[in-house]
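Enquirer: My structure is in start.pdb, and what it holds is PDB, C-alpha atoms and all ligand atoms:
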```
ATOM      1  CA  MET A   1     -15.721  43.684  27.176
ATOM      2  CA  THR A   2     -14.284  45.906  29.924
ATOM      3  CA  THR A   3     -16.222  47.050  32.974
ATOM      4  CA  SER A   4     -16.391  50.567  31.476
ATOM      5  CA  ASP A   5     -18.571  49.232  28.598
ATOM      6  CA  VAL A   6     -21.213  47.875  30.954
ATOM      7  CA  THR A   7     -24.079  50.078  32.181
ATOM      8  CA  PRO A   8     -24.061  49.979  35.984
ATOM      9  CA  VAL A   9     -27.260  48.765  37.606
ATOM     10  CA  LEU A  10     -26.964  51.469  40.235
ATOM     11  CA  GLN A  11     -24.702  54.471  39.901
ATOM     12  CA  ALA A  12     -24.129  57.743  41.698
ATOM     13  CA  ARG A  13     -22.061  60.793  40.859
ATOM     14  CA  GLY A  14     -21.122  63.630  43.188
ATOM     15  CA  LEU A  15     -23.552  62.878  45.994
ATOM     16  CA  VAL A  16     -23.515  65.379  48.857
ATOM     17  CA  LYS A  17     -25.410  65.298  52.142
ATOM     18  CA  ARG A  18     -24.853  67.841  54.886
ATOM     19  CA  TYR A  19     -26.187  67.781  58.424
ATOM     20  CA  GLY A  20     -25.529  71.306  59.674
ATOM     21  CA  HIS A  21     -21.751  71.599  59.780
ATOM     22  CA  VAL A  22     -21.182  67.858  59.235
ATOM     23  CA  THR A  23     -20.812  66.692  55.640
ATOM     24  CA  ALA A  24     -21.785  63.021  55.823
ATOM     25  CA  ILE A  25     -21.514  62.505  52.042
ATOM     26  CA  ASP A  26     -18.930  64.671  50.362
ATOM     27  CA  GLY A  27     -19.063  64.226  46.593
ATOM     28  CA  ALA A  28     -19.409  60.442  46.608
ATOM     29  CA  ASP A  29     -19.451  58.284  43.487
ATOM     30  CA  PHE A  30     -20.803  54.746  43.369
ATOM     31  CA  ASP A  31     -20.980  52.017  40.713
ATOM     32  CA  LEU A  32     -22.644  48.627  41.001
ATOM     33  CA  LEU A  33     -22.310  46.371  37.958
ATOM     34  CA  PRO A  34     -24.762  43.627  36.915
ATOM     35  CA  GLY A  35     -24.214  40.318  38.674
ATOM     36  CA  GLU A  36     -21.510  41.417  41.093
ATOM     37  CA  VAL A  37     -21.076  41.417  44.847
ATOM     38  CA  LEU A  38     -19.771  44.895  45.656
ATOM     39  CA  ALA A  39     -18.478  45.315  49.198
ATOM     40  CA  VAL A  40     -18.645  48.799  50.723
ATOM     41  CA  ILE A  41     -16.089  49.285  53.464
ATOM     42  CA  GLY A  42     -14.783  52.242  55.440
ATOM     43  CA  ASP A  43     -13.827  53.347  58.925
ATOM     44  CA  ASN A  44     -16.472  54.275  61.496
ATOM     45  CA  GLY A  45     -17.985  57.599  60.495
ATOM     46  CA  ALA A  46     -16.654  57.423  56.908
ATOM     47  CA  GLY A  47     -20.208  57.850  55.660
ATOM     48  CA  LYS A  48     -21.109  54.345  54.421
ATOM     49  CA  THR A  49     -24.533  54.323  56.059
ATOM     50  CA  SER A  50     -25.354  57.774  54.682
ATOM     51  CA  LEU A  51     -24.298  56.714  51.183
ATOM     52  CA  ILE A  52     -26.387  53.540  51.347
ATOM     53  CA  LYS A  53     -29.360  55.507  52.690
ATOM     54  CA  ALA A  54     -29.129  57.856  49.715
ATOM     55  CA  LEU A  55     -28.990  54.896  47.318
ATOM     56  CA  THR A  56     -31.999  53.193  48.936
ATOM     57  CA  GLY A  57     -34.234  56.245  49.284
ATOM     58  CA  ALA A  58     -33.860  56.619  53.049
ATOM     59  CA  LEU A  59     -32.295  60.067  52.675
ATOM     60  CA  THR A  60     -32.448  62.687  49.967
ATOM     61  CA  PRO A  61     -29.039  63.958  48.887
ATOM     62  CA  ASP A  62     -28.498  67.733  48.702
ATOM     63  CA  GLU A  63     -26.533  67.371  45.469
ATOM     64  CA  GLY A  64     -25.528  64.770  42.916
ATOM     65  CA  GLU A  65     -27.185  62.269  40.648
ATOM     66  CA  ILE A  66     -28.350  58.677  41.013
ATOM     67  CA  ARG A  67     -28.954  56.450  38.003
ATOM     68  CA  LEU A  68     -30.761  53.118  37.922
ATOM     69  CA  ASN A  69     -29.945  51.040  34.841
ATOM     70  CA  GLY A  70     -28.604  54.193  33.206
ATOM     71  CA  GLU A  71     -31.665  56.360  33.859
ATOM     72  CA  PRO A  72     -31.504  59.303  36.288
ATOM     73  CA  ILE A  73     -33.784  58.690  39.245
ATOM     74  CA  ARG A  74     -34.969  60.428  42.410
ATOM     75  CA  PHE A  75     -36.278  58.317  45.250
ATOM     76  CA  THR A  76     -38.882  59.993  47.414
ATOM     77  CA  GLY A  77     -38.420  57.441  50.205
ATOM     78  CA  PRO A  78     -37.516  53.798  50.890
ATOM     79  CA  GLN A  79     -40.856  52.702  49.452
ATOM     80  CA  SER A  80     -40.021  54.431  46.184
ATOM     81  CA  ALA A  81     -36.636  52.640  46.023
ATOM     82  CA  ARG A  82     -38.404  49.327  46.728
ATOM     83  CA  GLN A  83     -40.857  50.029  43.922
ATOM     84  CA  HIS A  84     -37.825  50.341  41.655
ATOM     85  CA  GLY A  85     -36.569  46.906  42.720
ATOM     86  CA  ILE A  86     -34.027  47.912  45.392
ATOM     87  CA  GLU A  87     -34.395  45.848  48.572
ATOM     88  CA  THR A  88     -32.390  46.276  51.765
ATOM     89  CA  VAL A  89     -31.632  43.681  54.440
ATOM     90  CA  TYR A  90     -30.986  45.591  57.653
ATOM     91  CA  GLN A  91     -28.389  44.776  60.296
ATOM     92  CA  ASP A  92     -30.932  44.167  63.042
ATOM     93  CA  LEU A  93     -32.461  41.120  61.305
ATOM     94  CA  ALA A  94     -35.695  42.984  60.657
ATOM     95  CA  VAL A  95     -38.119  40.103  60.879
ATOM     96  CA  ALA A  96     -41.332  39.780  62.897
ATOM     97  CA  ALA A  97     -40.247  37.205  65.480
ATOM     98  CA  SER A  98     -43.630  35.830  66.495
ATOM     99  CA  MET A  99     -44.839  35.355  62.919
ATOM    100  CA  ASP A 100     -44.052  32.312  60.810
ATOM    101  CA  ILE A 101     -41.545  32.208  57.972
ATOM    102  CA  ALA A 102     -44.081  32.480  55.147
ATOM    103  CA  SER A 103     -45.794  35.467  56.822
ATOM    104  CA  ASN A 104     -42.413  37.144  57.183
ATOM    105  CA  MET A 105     -41.686  36.678  53.495
ATOM    106  CA  PHE A 106     -44.907  38.543  52.689
ATOM    107  CA  LEU A 107     -44.782  41.098  55.510
ATOM    108  CA  GLY A 108     -46.497  44.273  54.265
ATOM    109  CA  ARG A 109     -47.179  42.595  50.894
ATOM    110  CA  GLU A 110     -49.672  39.929  51.948
ATOM    111  CA  LEU A 111     -51.548  37.997  49.295
ATOM    112  CA  ARG A 112     -55.338  38.063  49.639
ATOM    113  CA  ARG A 113     -57.765  35.299  48.742
ATOM    114  CA  PRO A 114     -59.196  35.641  45.242
ATOM    115  CA  GLY A 115     -62.606  37.244  44.735
ATOM    116  CA  PHE A 116     -64.931  38.523  47.442
ATOM    117  CA  LEU A 117     -63.100  36.799  50.330
ATOM    118  CA  GLY A 118     -59.971  38.769  49.562
ATOM    119  CA  SER A 119     -61.314  42.048  48.256
ATOM    120  CA  ALA A 120     -64.156  42.617  50.725
ATOM    121  CA  LEU A 121     -63.237  40.436  53.704
ATOM    122  CA  ARG A 122     -59.474  41.004  53.272
ATOM    123  CA  MET A 123     -58.832  37.308  53.926
ATOM    124  CA  LEU A 124     -55.228  36.215  53.463
ATOM    125  CA  ASP A 125     -54.263  33.518  51.005
ATOM    126  CA  LYS A 126     -52.056  31.652  53.454
ATOM    127  CA  LYS A 127     -51.769  28.573  51.290
ATOM    128  CA  ARG A 128     -50.437  30.491  48.299
ATOM    129  CA  MET A 129     -48.065  32.512  50.511
ATOM    130  CA  ARG A 130     -46.679  29.260  51.958
ATOM    131  CA  GLN A 131     -46.302  27.748  48.479
ATOM    132  CA  GLU A 132     -44.536  30.809  47.119
ATOM    133  CA  ALA A 133     -42.335  31.144  50.219
ATOM    134  CA  ALA A 134     -41.366  27.472  49.841
ATOM    135  CA  ALA A 135     -40.488  28.051  46.182
ATOM    136  CA  HIS A 136     -38.267  31.041  47.050
ATOM    137  CA  MET A 137     -36.533  29.083  49.802
ATOM    138  CA  ALA A 138     -35.951  26.142  47.468
ATOM    139  CA  ASP A 139     -34.648  28.470  44.771
ATOM    140  CA  LEU A 140     -31.940  29.713  47.135
ATOM    141  CA  LYS A 141     -31.396  26.203  48.568
ATOM    142  CA  ILE A 142     -32.368  27.365  52.056
ATOM    143  CA  GLY A 143     -33.281  24.241  53.983
ATOM    144  CA  LEU A 144     -35.817  24.976  56.717
ATOM    145  CA  ARG A 145     -37.932  22.196  58.162
ATOM    146  CA  SER A 146     -41.251  24.010  58.305
ATOM    147  CA  LEU A 147     -42.394  27.352  56.951
ATOM    148  CA  THR A 148     -45.135  27.519  59.598
ATOM    149  CA  GLN A 149     -42.479  27.736  62.314
ATOM    150  CA  PRO A 150     -42.374  31.119  64.127
ATOM    151  CA  VAL A 151     -39.215  33.003  63.202
ATOM    152  CA  GLU A 152     -38.282  33.332  66.909
ATOM    153  CA  THR A 153     -37.625  29.569  66.992
ATOM    154  CA  LEU A 154     -34.919  29.898  64.305
ATOM    155  CA  SER A 155     -31.188  30.399  64.825
ATOM    156  CA  GLY A 156     -29.624  33.770  63.977
ATOM    157  CA  GLY A 157     -28.290  32.400  60.690
ATOM    158  CA  GLN A 158     -31.666  30.966  59.718
ATOM    159  CA  ARG A 159     -33.363  34.288  60.514
ATOM    160  CA  GLN A 160     -30.831  36.071  58.366
ATOM    161  CA  ALA A 161     -31.555  33.565  55.588
ATOM    162  CA  VAL A 162     -35.273  34.397  55.850
ATOM    163  CA  ALA A 163     -34.502  38.124  55.682
ATOM    164  CA  VAL A 164     -32.256  37.591  52.640
ATOM    165  CA  ALA A 165     -34.804  35.351  50.899
ATOM    166  CA  ARG A 166     -37.497  37.963  51.494
ATOM    167  CA  SER A 167     -35.460  40.736  49.897
ATOM    168  CA  VAL A 168     -34.384  38.562  46.967
ATOM    169  CA  ALA A 169     -38.009  37.551  46.400
ATOM    170  CA  TRP A 170     -39.032  41.191  46.009
ATOM    171  CA  ALA A 171     -35.921  42.738  44.487
ATOM    172  CA  SER A 172     -35.795  43.126  40.737
ATOM    173  CA  SER A 173     -32.623  45.251  40.540
ATOM    174  CA  VAL A 174     -30.428  45.241  43.649
ATOM    175  CA  VAL A 175     -30.173  43.664  47.090
ATOM    176  CA  VAL A 176     -28.355  45.726  49.721
ATOM    177  CA  MET A 177     -27.137  43.918  52.840
ATOM    178  CA  ASP A 178     -26.004  45.849  55.877
ATOM    179  CA  GLU A 179     -23.544  43.770  57.935
ATOM    180  CA  PRO A 180     -25.421  40.495  57.353
ATOM    181  CA  THR A 181     -22.923  38.415  59.342
ATOM    182  CA  ALA A 182     -22.333  40.842  62.230
ATOM    183  CA  ALA A 183     -24.527  38.979  64.726
ATOM    184  CA  LEU A 184     -23.514  35.473  63.614
ATOM    185  CA  GLY A 185     -21.008  32.810  64.606
ATOM    186  CA  VAL A 186     -18.412  31.329  62.267
ATOM    187  CA  LYS A 187     -20.502  28.478  60.850
ATOM    188  CA  GLU A 188     -23.625  30.595  60.380
ATOM    189  CA  SER A 189     -21.592  33.394  58.783
ATOM    190  CA  GLY A 190     -20.235  30.849  56.304
ATOM    191  CA  GLN A 191     -23.774  29.783  55.449
ATOM    192  CA  VAL A 192     -24.868  33.388  54.899
ATOM    193  CA  LEU A 193     -21.829  34.008  52.668
ATOM    194  CA  ASP A 194     -22.785  30.913  50.633
ATOM    195  CA  LEU A 195     -26.297  32.298  50.376
ATOM    196  CA  ILE A 196     -24.987  35.656  49.132
ATOM    197  CA  ARG A 197     -23.022  33.756  46.457
ATOM    198  CA  ARG A 198     -26.170  31.970  45.353
ATOM    199  CA  VAL A 199     -28.029  35.295  45.154
ATOM    200  CA  ARG A 200     -25.231  36.675  42.968
ATOM    201  CA  ASP A 201     -25.202  33.506  40.851
ATOM    202  CA  LYS A 202     -28.919  33.994  40.173
ATOM    203  CA  GLY A 203     -27.833  37.238  38.511
ATOM    204  CA  MET A 204     -28.922  39.596  41.303
ATOM    205  CA  PRO A 205     -26.242  42.174  42.147
ATOM    206  CA  VAL A 206     -25.515  42.561  45.856
ATOM    207  CA  VAL A 207     -24.167  45.539  47.798
ATOM    208  CA  LEU A 208     -22.559  44.254  50.983
ATOM    209  CA  ILE A 209     -21.685  46.726  53.741
ATOM    210  CA  SER A 210     -19.226  45.025  56.046
ATOM    211  CA  HIS A 211     -16.503  45.622  58.588
ATOM    212  CA  ASN A 212     -15.365  42.019  58.314
ATOM    213  CA  MET A 213     -12.342  42.079  56.019
ATOM    214  CA  PRO A 214     -11.965  38.275  55.650
ATOM    215  CA  HIS A 215     -15.620  38.025  54.636
ATOM    216  CA  VAL A 216     -15.198  40.901  52.180
ATOM    217  CA  PHE A 217     -12.147  39.232  50.633
ATOM    218  CA  GLU A 218     -13.922  35.901  50.497
ATOM    219  CA  ILE A 219     -16.997  37.073  48.678
ATOM    220  CA  ALA A 220     -16.625  40.474  46.985
ATOM    221  CA  ASP A 221     -15.999  40.814  43.255
ATOM    222  CA  ARG A 222     -15.008  44.441  43.862
ATOM    223  CA  ILE A 223     -14.519  46.611  46.937
ATOM    224  CA  HIS A 224     -15.706  50.220  47.231
ATOM    225  CA  ILE A 225     -13.468  51.847  49.843
ATOM    226  CA  HIS A 226     -15.174  54.830  51.472
ATOM    227  CA  ARG A 227     -13.207  57.485  53.309
ATOM    228  CA  LEU A 228     -14.128  60.949  54.591
ATOM    229  CA  GLY A 229     -17.519  60.957  52.897
ATOM    230  CA  ARG A 230     -16.468  59.836  49.442
ATOM    231  CA  ARG A 231     -15.242  56.885  47.418
ATOM    232  CA  GLU A 232     -11.519  56.697  47.969
ATOM    233  CA  ALA A 233     -10.986  53.707  45.687
ATOM    234  CA  LEU A 234     -12.773  50.953  43.796
ATOM    235  CA  ILE A 235     -10.576  47.873  43.659
ATOM    236  CA  LYS A 236     -10.554  44.136  43.033
ATOM    237  CA  PRO A 237      -9.642  42.019  46.057
ATOM    238  CA  SER A 238      -7.271  39.988  43.862
ATOM    239  CA  ASP A 239      -5.156  43.112  43.207
ATOM    240  CA  HIS A 240      -4.522  44.070  46.847
ATOM    241  CA  SER A 241      -3.721  42.495  50.204
ATOM    242  CA  MET A 242      -5.998  42.964  53.186
ATOM    243  CA  ALA A 243      -3.333  45.120  54.854
ATOM    244  CA  GLU A 244      -3.238  47.373  51.772
ATOM    245  CA  VAL A 245      -6.990  47.742  51.737
ATOM    246  CA  VAL A 246      -7.003  48.698  55.422
ATOM    247  CA  ALA A 247      -4.189  51.180  54.685
ATOM    248  CA  ILE A 248      -6.236  52.724  51.841
ATOM    249  CA  MET A 249      -9.261  52.881  54.147
ATOM    250  CA  THR A 250      -7.321  54.716  56.838
ATOM    251  CA  GLY A 251      -5.467  57.038  54.465
ATOM    252  CA  ALA A 252      -1.976  55.510  54.772
ATOM    253  CA  LEU A 253      -1.959  54.489  51.095
ATOM    254  CA  ARG A 254      -3.626  56.067  48.106
ATOM    255  CA  VAL A 255      -4.574  54.225  44.901
ATOM    256  CA  ARG A 256      -3.132  55.634  41.665
ATOM    257  CA  ASP A 257      -5.158  55.765  38.445
ATOM    258  CA  ASP A 258      -3.250  52.721  37.135
ATOM    259  CA  GLY A 259      -4.269  50.686  40.198
ATOM    260  CA  GLY A 260      -0.904  50.925  41.942
ATOM    261  CA  THR A 261      -0.529  52.585  45.320
ATOM    262  CA  VAL A 262       1.397  55.548  46.675
ATOM    263  CA  VAL A 263       2.239  56.209  50.295
ATOM    264  CA  ALA A 264       0.051  59.058  51.536
ATOM    265  CA  ASP A 265       1.061  58.896  55.194
ATOM    266  CA  ALA A 266       4.510  57.405  55.746
ATOM    267  CA  ASP A 267       4.139  56.808  59.497
ATOM    268  CA  ALA A 268       0.714  55.190  59.133
ATOM    269  CA  ALA A 269       1.942  53.031  56.233
ATOM    270  CA  GLN A 270       4.916  51.862  58.270
ATOM    271  CA  ALA A 271       2.673  51.122  61.265
ATOM    272  CA  ALA A 272       0.373  49.087  58.993
ATOM    273  CA  GLY A 273       3.375  47.244  57.529
ATOM    274  CA  VAL A 274       2.580  48.193  53.924
ATOM    275  CA  SER A 275       4.535  49.869  51.164
ATOM    276  CA  ALA A 276       3.525  51.337  47.819
ATOM    277  CA  HIS A 277       3.693  49.320  44.578
TER     278      HIS A 277
HETATM  279  N1  LIG B 301     -28.792  62.279  60.993
HETATM  280  C1  LIG B 301     -27.569  62.780  61.200
HETATM  281  N2  LIG B 301     -27.393  63.975  61.800
HETATM  282  C2  LIG B 301     -26.172  64.504  61.999
HETATM  283  N3  LIG B 301     -25.019  63.886  61.628
HETATM  284  C3  LIG B 301     -25.126  62.686  61.036
HETATM  285  C4  LIG B 301     -26.387  62.066  60.781
HETATM  286  N4  LIG B 301     -26.169  60.881  60.161
HETATM  287  C5  LIG B 301     -24.829  60.769  60.038
HETATM  288  N5  LIG B 301     -24.199  61.853  60.550
HETATM  289  C6  LIG B 301     -22.754  62.074  60.590
HETATM  290  O1  LIG B 301     -22.243  61.828  59.292
HETATM  291  C7  LIG B 301     -20.994  61.147  59.360
HETATM  292  C8  LIG B 301     -21.077  59.832  58.600
HETATM  293  O2  LIG B 301     -21.937  58.936  59.307
HETATM  294  P1  LIG B 301     -22.349  57.502  58.769
HETATM  295  O3  LIG B 301     -23.223  56.886  59.804
HETATM  296  O4  LIG B 301     -22.861  57.617  57.420
HETATM  297  O5  LIG B 301     -20.927  56.758  58.749
HETATM  298  P2  LIG B 301     -20.594  55.199  58.704
HETATM  299  O6  LIG B 301     -19.424  55.053  57.801
HETATM  300  O7  LIG B 301     -21.801  54.437  58.349
HETATM  301  O8  LIG B 301     -20.174  54.887  60.187
HETATM  302  P3  LIG B 301     -20.304  53.522  61.047
HETATM  303  O9  LIG B 301     -19.460  52.490  60.350
HETATM  304  O10 LIG B 301     -19.718  53.932  62.356
HETATM  305  O11 LIG B 301     -21.744  53.175  61.108
HETATM  306  C9  LIG B 301     -20.678  60.986  60.836
HETATM  307  O12 LIG B 301     -19.841  62.056  61.226
HETATM  308  C10 LIG B 301     -22.044  61.089  61.491
HETATM  309  O13 LIG B 301     -21.932  61.583  62.808
END
```
Could you spell out this file's structure in structure tokens?
Ligand SMILES: Nc1ncnc2c1ncn2[C@@H]1O[C@H](COP(=O)(O)OP(=O)(O)OP(=O)(O)O)[C@@H](O)[C@H]1O

Expert:
Amino acid sequence: MTTSDVTPVLQARGLVKRYGHVTAIDGADFDLLPGEVLAVIGDNGAGKTSLIKALTGALTPDEGEIRLNGEPIRFTGPQSARQHGIETVYQDLAVAASMDIASNMFLGRELRRPGFLGSALRMLDKKRMRQEAAAHMADLKIGLRSLTQPVETLSGGQRQAVAVARSVAWASSVVVMDEPTAALGVKESGQVLDLIRRVRDKGMPVVLISHNMPHVFEIADRIHIHRLGRREALIKPSDHSMAEVVAIMTGALRVRDDGGTVVADADAAQAAGVSAH
């Protein structure tokens, strides 16, 4: 079976978003296949954030179509995307620092005690939240000593693991991660990359926005290269060198339909030390 036979989990065609005279998304396409880690890369200002916002309901595109599991869909906001199983892990490690790990897993989706205690007195079912949080952590092989520990006592990598586990627990279709290793050291980044692999191996497709080319090459099944508001290329890391990918991202090389490259800007290609093939 080729990739063209598979229905993408999340797909976009011809997305456009204008802010006054600035066109942040300029006819962008997007395809995320089941079970893959798709890296989204591009220069500063290329429009990655805007594209991801459109795909996660945080902005409404002016034009174009989004499909979820083959069905056209319109998100009315981030909540609507979440209801459709799309969870986003934001760059700023969006966790409530003073709350414990289990409470963070259920932030905004707290479980109430059964019966009157929950429905009338709104009492939380802390025991069940801890049990379920522990099960999710174990499922992703995240080793944390105690789930009653406040998140502020965790390392950056552990916090990121909590944020990832939370989104995986609630996602039924897609997990989007915005620069998940940006704030982390080498060892912690490695642990988060391992975690992303485990998420993928559970069958959950991951969209990974990253500026870190070694991380992208280490973990991505395919790379969506964004340039000037649209998808410039969709490639496999095994088919291209890192220098080529950077050259495609900056416009020095262009990808042909057969996957080869042509020089689009001779000076820039020479400066980047790449040639067409
Ligand atoms: N709310 C907004 N109002 C006006 N212009 C915007 C807005 N959001 C984005 N833009 C513009 O759209 C373009 C794309 O921005 P976007 O943040 O999507 O790029 P990016 O690839 O994510 O960049 P970076 O990697 O630097 O975060 C930029 O020129 C930006 O200034």

Enquirer: Check which residues of chain A sit at most 12 Å from ligand LIG 301 (chain B) using all atoms listed in the file, and return one row each with the closest pair of atoms and their distance in Å to one decimal, ordered by chain and rising number, as CSV.

Expert:
```
residue,atom,partner,partner_atom,distance
A:Val16,CA,B:LIG301,O1,11.1
A:Lys17,CA,B:LIG301,O1,8.6
A:Arg18,CA,B:LIG301,N3,7.8
A:Tyr19,CA,B:LIG301,C2,4.8
A:Gly20,CA,B:LIG301,C2,7.2
A:His21,CA,B:LIG301,N3,8.6
A:Val22,CA,B:LIG301,N3,6.0
A:Thr23,CA,B:LIG301,O1,6.2
A:Ala24,CA,B:LIG301,O1,3.7
A:Ile25,CA,B:LIG301,C8,7.1
A:Asp26,CA,B:LIG301,C8,9.8
A:Ala28,CA,B:LIG301,O4,11.7
A:Val40,CA,B:LIG301,O6,9.5
A:Ile41,CA,B:LIG301,O6,7.9
A:Gly42,CA,B:LIG301,O6,5.9
A:Asp43,CA,B:LIG301,O9,5.9
A:Asn44,CA,B:LIG301,O10,3.4
A:Gly45,CA,B:LIG301,O8,3.5
A:Ala46,CA,B:LIG301,O6,3.8
A:Gly47,CA,B:LIG301,O4,3.2
A:Lys48,CA,B:LIG301,O6,3.8
A:Thr49,CA,B:LIG301,O7,3.6
A:Ser50,CA,B:LIG301,O4,3.7
A:Leu51,CA,B:LIG301,O4,6.5
A:Ile52,CA,B:LIG301,O4,8.1
A:Lys53,CA,B:LIG301,O4,8.3
A:Ala54,CA,B:LIG301,O4,9.9
A:Ala58,CA,B:LIG301,N1,11.0
A:Leu59,CA,B:LIG301,N1,9.3
A:Thr60,CA,B:LIG301,N1,11.6
A:Gln91,CA,B:LIG301,O11,10.7
A:Asp178,CA,B:LIG301,O7,9.9
A:Glu179,CA,B:LIG301,O9,9.9
A:Ile209,CA,B:LIG301,O7,9.0
A:Ser210,CA,B:LIG301,O9,8.6
A:His211,CA,B:LIG301,O9,7.7
A:Asn212,CA,B:LIG301,O9,11.4
A:Ile225,CA,B:LIG301,O6,10.4
A:His226,CA,B:LIG301,O6,7.6
A:Arg227,CA,B:LIG301,O6,8.0
A:Leu228,CA,B:LIG301,C8,8.1
A:Gly229,CA,B:LIG301,C8,6.8
A:Arg230,CA,B:LIG301,O6,10.1
A:Arg231,CA,B:LIG301,O6,11.3
A:Met249,CA,B:LIG301,O6,11.0
```

Enquirer: Please determine an axis-aligned box that encloses all atoms of stretch 191-208 of chain A listed in the file, with 5 Å added on each side, and express its centre and edge lengths in Å to one decimal as JSON.

Expert:
```
{"center_x": -25.4, "center_y": 37.7, "center_z": 47.0, "size_x": 17.1, "size_y": 25.8, "size_z": 26.9}
```

Enquirer: Quick one: residues within 9 Å of (-28.3, 30.0, 65.0) (file frame), counting only C-alpha atoms, please, as a ChimeraX atom specification.

Expert: /A:154-159,184-185,187-188

Enquirer: With the PyMOL selection byres (((chain A and resi 86) around 7) and not hetatm) as the selection, what would be picked from this file? Answer as a CSV table (one decimal) with C-alpha atoms, in the frame of the given file, please.

Expert:
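Output saved as out-v2.csv:
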```csv
chain,number,residue,atom,x,y,z
A,56,THR,CA,-32.0,53.2,48.9
A,81,ALA,CA,-36.6,52.6,46.0
A,82,ARG,CA,-38.4,49.3,46.7
A,84,HIS,CA,-37.8,50.3,41.7
A,85,GLY,CA,-36.6,46.9,42.7
A,87,GLU,CA,-34.4,45.8,48.6
A,88,THR,CA,-32.4,46.3,51.8
A,171,ALA,CA,-35.9,42.7,44.5
A,172,SER,CA,-35.8,43.1,40.7
A,173,SER,CA,-32.6,45.3,40.5
A,174,VAL,CA,-30.4,45.2,43.6
A,175,VAL,CA,-30.2,43.7,47.1
```

Enquirer: Got a sec to check which residues sit within 12 Å of (-30.6, 61.2, 37.9), counting all atoms listed in the file, and write them as a PyMOL selection string?

Expert: chain A and resi 10-15+55+61+63-75

Enquirer: Give as a PyMOL selection string the residues that the PyMOL selection byres (((chain A and resi 99) around 10) and not hetatm) matches when applied to the coordinates above.

Expert: chain A and resi 95-98+100-104+107+148-152

Enquirer: Evaluated on this file, the PyMOL selection byres (((chain A and resi 139) around 10) and not hetatm) picks out some residues - which ones are they, written as a ChimeraX atom specification?

Expert: /A:133-138,140-142,165,169,198-199,202

Enquirer: Between A:Val206, A:Glu218, A:Asp257, A:Gly115, single out the one closest to A:Leu32, counting all atoms listed in the file.

Expert: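 So, comparing all the options, the nearest one is A:Val206.
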
Enquirer: State, in Å with one decimal place, the distance from atom CA of A:Ser238 to atom CA of A:Pro214.

Expert: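 We find that atom CA of A:Ser238 and atom CA of A:Pro214 lie 12.8 Å from each other.
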
Enquirer: Which of these, A:Val263, A:Ala120, A:Met129, A:Leu147, has the shortest distance to A:Ile248 once you count all atoms listed in the file?

Expert: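 Among the listed residues, A:Val263 lies closest to A:Ile248.
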
Enquirer: Check the smallest atom-to-atom distance from each of A:Pro237, A:Ser146, A:Gly57, A:Leu124 to A:Ser80 using all atoms listed in the file, then report the winner.

Expert: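 Looking at the shortest contact to A:Ser80, the residue is A:Gly57.
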
Enquirer: Please provide as a ChimeraX atom specification all residues within 10 Å of A:Ile219, with the sequence filter that same-chain residues fewer than 5 positions apart are discarded (counting only C-alpha atoms).

Expert: /A:36-39,193-194,196-197,208,214,237

Enquirer: Tell me, in Å to one decimal, how far atom CA of A:Ser167 is from atom CA of A:Met105.

Expert: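 If I compute the distance from atom CA of A:Ser167 to atom CA of A:Met105, I get 8.3 Å.
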
Enquirer: Report, in Å to a single decimal, how far apart atom CA of A:Asp221 and atom CA of A:Lys236 are.

Expert: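 Computing it gives 6.4 Å between the two atoms.
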